[in-house]
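Reviewing the structure listed below.
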Amino acid sequence: MSEKLDFDRIIDRRGTGSWKWYKADVEDVVPLGVADMDFASPPAVLQALQERIDHGVFGYSYPTDELNEIIQSRMKTNYAWEIETEWIVWLPGLVCGLNAVSRAIGEAGEVLSAVPVYPPFLTAPKNMGCELHTAPLQLDRDHWVFDFEALEAAITPQTKLFLLCNPHNPVGRVFSRQELETLADLCLCHNLWICADEIHCELILDRDKEHIPMATLSPEIAAHTITFMSPSKTFNLAGIGVAFAIIPDDELRLKFKKAIAGIVPHVTALGYTACLAAYRDSASWHRALLDYLRVNRDLVMDTINDTPGLTTYPVEATYLAWIDTRAAGIENPGEYFLQAGVDMWDGVDFGGPGFIRLNFGLPRERMREGLKRIRKAMQELR
């Protein structure tokens, strides 16, 4: 069987302690909520992990020179971004990174972001005692864009940090160079740090789009930017726990390291092993995944936009669709569709009430079943 056909394989995740599947352990639901995929990780990753397990010793670990060089090579090849090894700060995940960067600005600082957005963007600042300000993204025809006037109006003298999600979760945008430059100018004008969560950067679905790391715009922007990346979304390694920050500025990097000191644990031996195998040995699997996700994306868009009461918009990247249910007048869409046998994530948690997020990173047979239940639920509503 080819690697591409493996994406059709149904893997039973019930009873594995999966956050995504825990409701399916006791109910007949199709889980389309939590953002991990129902595909096995690449064969090269599974083999590398098995070999590491067979070694039998799992002591404290550090990133090898080969792994750091792979990260540097990947940044240069993919984005013409030449980074230094000392710029890399390893993390067990990006949610702790979002909390750490909020902690680094101090409780007197304020944080700005655009909504809707991945829920930890909204909770991390509050966890660290920082006040959060938001401005809504707006629809420009069928694309979500920044409202730069609203963003600037939300900035106060205490605002120290802008949290950026690019590619964007949940709206699926790959922001253009012009959009990023306008945002960068705004942040520089007000002397804001930029924390760029770019975890979906290798899940670009539109072939005419490219991911542009915020820090590559200019040396001045790089000095204000903390970039988060990870193999976890692309290679389905969320449960392994491996990510990294790239921080070119010495002072900013020191502040971040102080914020994580004694609190954020080290990456495990298995995390480093999986990361290396994903980046070094899994290119063909990655290409096949993107082809599979493109078909799923088109299936979701065609079905949802053909269902009265629901609308969705072009997904340029990620495996997530942001669905507008407001025309249907559904008061609590998450609960409504759960009762219909589909578990999706209610938009209220993203700062987008009336919307719902759907994960299409799963075998097509299961995707079709989820869409069938969504259509049936909307027919019953009418």
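In the structure tokens, the first chain shown is A, the next is B, and so on; residue numbers restart at 1 for each chain, and ligands run from 1 in the order shown.
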
All strand (DSSP E or B) residues (DSSP, backbone) inside segment 33-170 of chain A, as a PyMOL selection string: chain A and resi 88-91+110-115+131-136+138-140+143-145+159-165

Residue subset to file, keeping N, CA and C atoms, as a JSON list (two decimals), in the first residue's frame:
[["chain", "number", "residue", "atom", "x", "y", "z"],
["A", 88, "ILE", "N", 17.67, 29.25, 19.00],
["A", 88, "ILE", "CA", 16.64, 28.23, 19.19],
["A", 88, "ILE", "C", 16.47, 27.92, 20.68],
["A", 89, "VAL", "N", 15.23, 28.02, 21.15],
["A", 89, "VAL", "CA", 14.89, 27.67, 22.53],
["A", 89, "VAL", "C", 13.86, 26.54, 22.46],
["A", 90, "TRP", "N", 14.23, 25.37, 22.94],
["A", 90, "TRP", "CA", 13.34, 24.20, 22.84],
["A", 90, "TRP", "C", 12.28, 24.23, 23.93],
["A", 91, "LEU", "N", 11.09, 23.76, 23.56],
["A", 91, "LEU", "CA", 9.92, 23.77, 24.45],
["A", 91, "LEU", "C", 9.16, 22.46, 24.28],
["A", 110, "GLU", "N", 0.24, 44.88, 28.94],
["A", 110, "GLU", "CA", -1.01, 44.48, 28.29],
["A", 110, "GLU", "C", -0.69, 43.80, 26.97],
["A", 111, "VAL", "N", -1.62, 42.94, 26.55],
["A", 111, "VAL", "CA", -1.43, 42.11, 25.37],
["A", 111, "VAL", "C", -2.54, 42.39, 24.37],
["A", 112, "LEU", "N", -2.19, 42.37, 23.09],
["A", 112, "LEU", "CA", -3.15, 42.63, 22.02],
["A", 112, "LEU", "C", -3.18, 41.45, 21.06],
["A", 113, "SER", "N", -4.37, 41.10, 20.58],
["A", 113, "SER", "CA", -4.50, 40.08, 19.55],
["A", 113, "SER", "C", -5.77, 40.35, 18.75],
["A", 114, "ALA", "N", -5.93, 39.60, 17.66],
["A", 114, "ALA", "CA", -7.11, 39.72, 16.81],
["A", 114, "ALA", "C", -7.95, 38.46, 16.97],
["A", 115, "VAL", "N", -9.26, 38.63, 17.04],
["A", 115, "VAL", "CA", -10.16, 37.49, 17.22],
["A", 115, "VAL", "C", -11.07, 37.35, 16.00],
["A", 131, "GLU", "N", -3.53, 42.18, 31.19],
["A", 131, "GLU", "CA", -4.80, 42.55, 30.58],
["A", 131, "GLU", "C", -4.74, 42.31, 29.08],
["A", 132, "LEU", "N", -5.80, 41.71, 28.54],
["A", 132, "LEU", "CA", -5.87, 41.39, 27.13],
["A", 132, "LEU", "C", -6.82, 42.33, 26.41],
["A", 133, "HIS", "N", -6.37, 42.87, 25.28],
["A", 133, "HIS", "CA", -7.23, 43.65, 24.39],
["A", 133, "HIS", "C", -7.32, 42.93, 23.06],
["A", 134, "THR", "N", -8.49, 42.99, 22.43],
["A", 134, "THR", "CA", -8.66, 42.32, 21.14],
["A", 134, "THR", "C", -9.35, 43.25, 20.15],
["A", 135, "ALA", "N", -9.15, 42.95, 18.89],
["A", 135, "ALA", "CA", -9.86, 43.62, 17.80],
["A", 135, "ALA", "C", -10.31, 42.53, 16.84],
["A", 136, "PRO", "N", -11.52, 42.64, 16.29],
["A", 136, "PRO", "CA", -12.02, 41.56, 15.44],
["A", 136, "PRO", "C", -11.41, 41.57, 14.04],
["A", 138, "GLN", "N", -12.00, 41.04, 10.13],
["A", 138, "GLN", "CA", -13.19, 41.38, 9.35],
["A", 138, "GLN", "C", -13.16, 40.67, 8.01],
["A", 139, "LEU", "N", -14.36, 40.45, 7.46],
["A", 139, "LEU", "CA", -14.47, 39.80, 6.17],
["A", 139, "LEU", "C", -14.31, 40.83, 5.05],
["A", 140, "ASP", "N", -13.38, 40.55, 4.15],
["A", 140, "ASP", "CA", -13.22, 41.33, 2.92],
["A", 140, "ASP", "C", -13.61, 40.40, 1.79],
["A", 143, "HIS", "N", -12.63, 36.66, 2.44],
["A", 143, "HIS", "CA", -11.38, 36.43, 3.17],
["A", 143, "HIS", "C", -11.37, 37.24, 4.47],
["A", 144, "TRP", "N", -10.85, 36.62, 5.52],
["A", 144, "TRP", "CA", -10.69, 37.30, 6.80],
["A", 144, "TRP", "C", -9.39, 38.11, 6.78],
["A", 145, "VAL", "N", -9.48, 39.37, 7.19],
["A", 145, "VAL", "CA", -8.32, 40.26, 7.17],
["A", 145, "VAL", "C", -8.26, 41.03, 8.49],
["A", 159, "THR", "N", 0.41, 48.62, 26.49],
["A", 159, "THR", "CA", 0.46, 47.46, 25.59],
["A", 159, "THR", "C", 1.91, 47.15, 25.22],
["A", 160, "LYS", "N", 2.33, 45.91, 25.46],
["A", 160, "LYS", "CA", 3.72, 45.52, 25.25],
["A", 160, "LYS", "C", 3.89, 44.40, 24.22],
["A", 161, "LEU", "N", 2.81, 43.69, 23.89],
["A", 161, "LEU", "CA", 2.95, 42.45, 23.14],
["A", 161, "LEU", "C", 1.78, 42.27, 22.19],
["A", 162, "PHE", "N", 2.09, 41.84, 20.95],
["A", 162, "PHE", "CA", 1.04, 41.42, 20.01],
["A", 162, "PHE", "C", 1.19, 39.93, 19.75],
["A", 163, "LEU", "N", 0.10, 39.18, 19.90],
["A", 163, "LEU", "CA", 0.08, 37.75, 19.63],
["A", 163, "LEU", "C", -0.48, 37.52, 18.24],
["A", 164, "LEU", "N", 0.34, 36.96, 17.37],
["A", 164, "LEU", "CA", -0.02, 36.71, 15.97],
["A", 164, "LEU", "C", -0.12, 35.21, 15.73],
["A", 165, "CYS", "N", -1.16, 34.79, 15.03],
["A", 165, "CYS", "CA", -1.31, 33.41, 14.60],
["A", 165, "CYS", "C", -1.27, 33.38, 13.08]]

Residues of segment 154-368 of chain A in alpha helix (DSSP H), written as a PyMOL selection string: chain A and resi 154+177-189+219-222+250-260+269-281+283-305+333-339+364-368

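Counting only C-alpha atoms, the residue from A:Cys189, A:Lys376, A:Glu365, A:Val295 that sits nearest to Arg9 of chain A is A:Glu365.
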
Å distance separating atom CA of Leu252 of chain A from atom CA of Phe121 of chain A, one decimal place: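 Between atom CA of Leu252 of chain A and atom CA of Phe121 of chain A the gap works out to 19.6 Å.
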
Shell of 12 Å around Ala259 of chain A, only C-alpha atoms, local chain residues under 5 positions omitted, as a PyMOL selection string: chain A and resi 96-106+128+252-254+264

Name the residues in contact with Val342 of chain A at a cut-off of 12 Å, using only C-alpha atoms, excluding same-chain residues fewer than 6 positions from it; report them as a compact mmCIF listing (two decimals) with C-alpha atoms, in the first residue's frame.
# COMPACT_ATOMS: atom_id res chain seq x y z
CA LYS A 20 -10.33 14.50 20.73
CA TRP A 21 -12.03 11.13 21.13
CA LYS A 23 -16.73 11.80 23.99
CA ALA A 24 -16.70 9.04 21.38
CA GLU A 27 -21.32 8.30 22.67
CA ASP A 28 -21.90 7.79 18.95
CA VAL A 29 -20.16 10.92 17.71
CA VAL A 30 -17.75 11.80 14.92
CA PRO A 31 -14.95 13.80 16.59
CA LEU A 32 -14.08 16.89 14.53
CA GLY A 33 -13.09 19.20 17.37
CA PRO A 333 -23.90 25.43 17.77
CA GLY A 334 -21.40 23.25 19.61
CA GLU A 335 -24.08 21.61 21.71
CA TYR A 336 -26.56 21.46 18.83
CA ILE A 356 -17.90 26.54 14.87
CA ARG A 357 -14.53 24.98 14.01
CA LEU A 358 -14.32 21.73 12.06
CA ASN A 359 -11.18 19.56 11.80
CA ARG A 366 -15.17 9.33 8.42
CA MET A 367 -15.22 12.90 7.06
CA ARG A 368 -18.17 12.06 4.82
CA GLU A 369 -20.04 10.58 7.78
CA GLY A 370 -19.50 13.75 9.80
CA LEU A 371 -20.70 15.95 6.94
CA LYS A 372 -23.74 13.70 6.43
CA ARG A 373 -24.71 14.21 10.07
CA ILE A 374 -24.20 17.98 9.80
CA ARG A 375 -26.50 18.18 6.76
CA LYS A 376 -29.11 16.03 8.49
CA ALA A 377 -28.99 18.26 11.58

Of the listed residues A:Ala40, A:Leu183, A:Ala269, A:Ala196, that which approaches Gly56 of chain A most closely, counting only C-alpha atoms: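 Among A:Ala40, A:Leu183, A:Ala269, A:Ala196, it is A:Ala269 that comes nearest to Gly56 of chain A.
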
Would you mind listing, for every residue of segment 221-287 of chain A within 7 Å of segment 198-207 of chain A, the two atoms forming the shortest contact and the distance between them in Å to one decimal, using only C-alpha atoms, sorted by chain and ascending residue number, as CSV?
residue,atom,partner,partner_atom,distance
A:Thr227,CA,A:Glu198,CA,6.8
A:Phe228,CA,A:Glu198,CA,5.7
A:Met229,CA,A:Ile199,CA,4.6
A:Ser230,CA,A:Ile199,CA,5.5
A:Lys233,CA,A:His200,CA,6.4
A:Thr234,CA,A:Leu203,CA,6.2

Atoms to include: N, CA and C atoms. Write the selected residues as a compact mmCIF listing (two decimals), in the first residue's frame.
# COMPACT_ATOMS: atom_id res chain seq x y z
N THR A 227 9.35 33.69 17.47
CA THR A 227 8.64 32.82 16.53
C THR A 227 8.52 31.43 17.13
N PHE A 228 7.30 30.90 17.16
CA PHE A 228 7.06 29.54 17.64
C PHE A 228 6.80 28.62 16.44
N MET A 229 7.48 27.48 16.43
CA MET A 229 7.25 26.45 15.42
C MET A 229 7.31 25.07 16.08
N SER A 230 6.82 24.06 15.35
CA SER A 230 6.81 22.70 15.88
C SER A 230 6.46 21.74 14.74
N LYS A 233 1.81 19.71 14.46
CA LYS A 233 0.61 19.74 13.63
C LYS A 233 0.85 19.01 12.30
N THR A 234 1.96 19.33 11.64
CA THR A 234 2.23 18.78 10.32
C THR A 234 2.39 17.27 10.34

At a cut-off of 10 Å, using only C-alpha atoms, what residues contact Gly15 of chain A? Leave out same-chain residues fewer than 2 positions from it and give the result as an mmCIF file with C-alpha atoms, in the first residue's frame.
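Result file is part-v9.cif:
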data_model
loop_
_atom_site.group_PDB
_atom_site.id
_atom_site.type_symbol
_atom_site.label_atom_id
_atom_site.label_comp_id
_atom_site.auth_asym_id
_atom_site.auth_seq_id
_atom_site.Cartn_x
_atom_site.Cartn_y
_atom_site.Cartn_z
ATOM 1 C CA ASP A 12 -9.607 3.229 16.293
ATOM 2 C CA ARG A 13 -8.574 5.858 18.850
ATOM 3 C CA GLY A 17 -7.053 8.680 26.482
ATOM 4 C CA SER A 18 -7.455 10.980 23.480
ATOM 5 C CA TRP A 21 -12.026 11.133 21.129
ATOM 6 C CA TYR A 22 -13.068 11.063 24.782
ATOM 7 C CA ALA A 24 -16.702 9.042 21.381
ATOM 8 C CA ASP A 25 -15.662 6.617 24.120
ATOM 9 C CA VAL A 26 -19.218 6.733 25.454
#

Distance query segment 214-220 of chain A at most 10 Å, only C-alpha atoms, self and fewer than 2 positions along chain excluded, as a PyMOL selection string: chain A and resi 79-82+164+166+175+177+180-181+183-184+188+194-198+211-212+222-227+246-249

Contacts of Phe350 of chain A within 8 Å, only C-alpha atoms, excl. fewer than 4 positions in-chain, as a list of chain:residue names: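 Non-adjacent residues within range: A:Val115, A:Pro116, A:Val117, A:Tyr118, A:Pro119, A:Leu122, A:Asp346.
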
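Between atom CA of Gly172 of chain A and atom CA of Val315 of chain A there is a distance of 4.7 Å.
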
Point-to-point distance in Å for atom CA of Thr325 of chain A and atom CA of Gly309 of chain A: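 The value is 6.2 Å.
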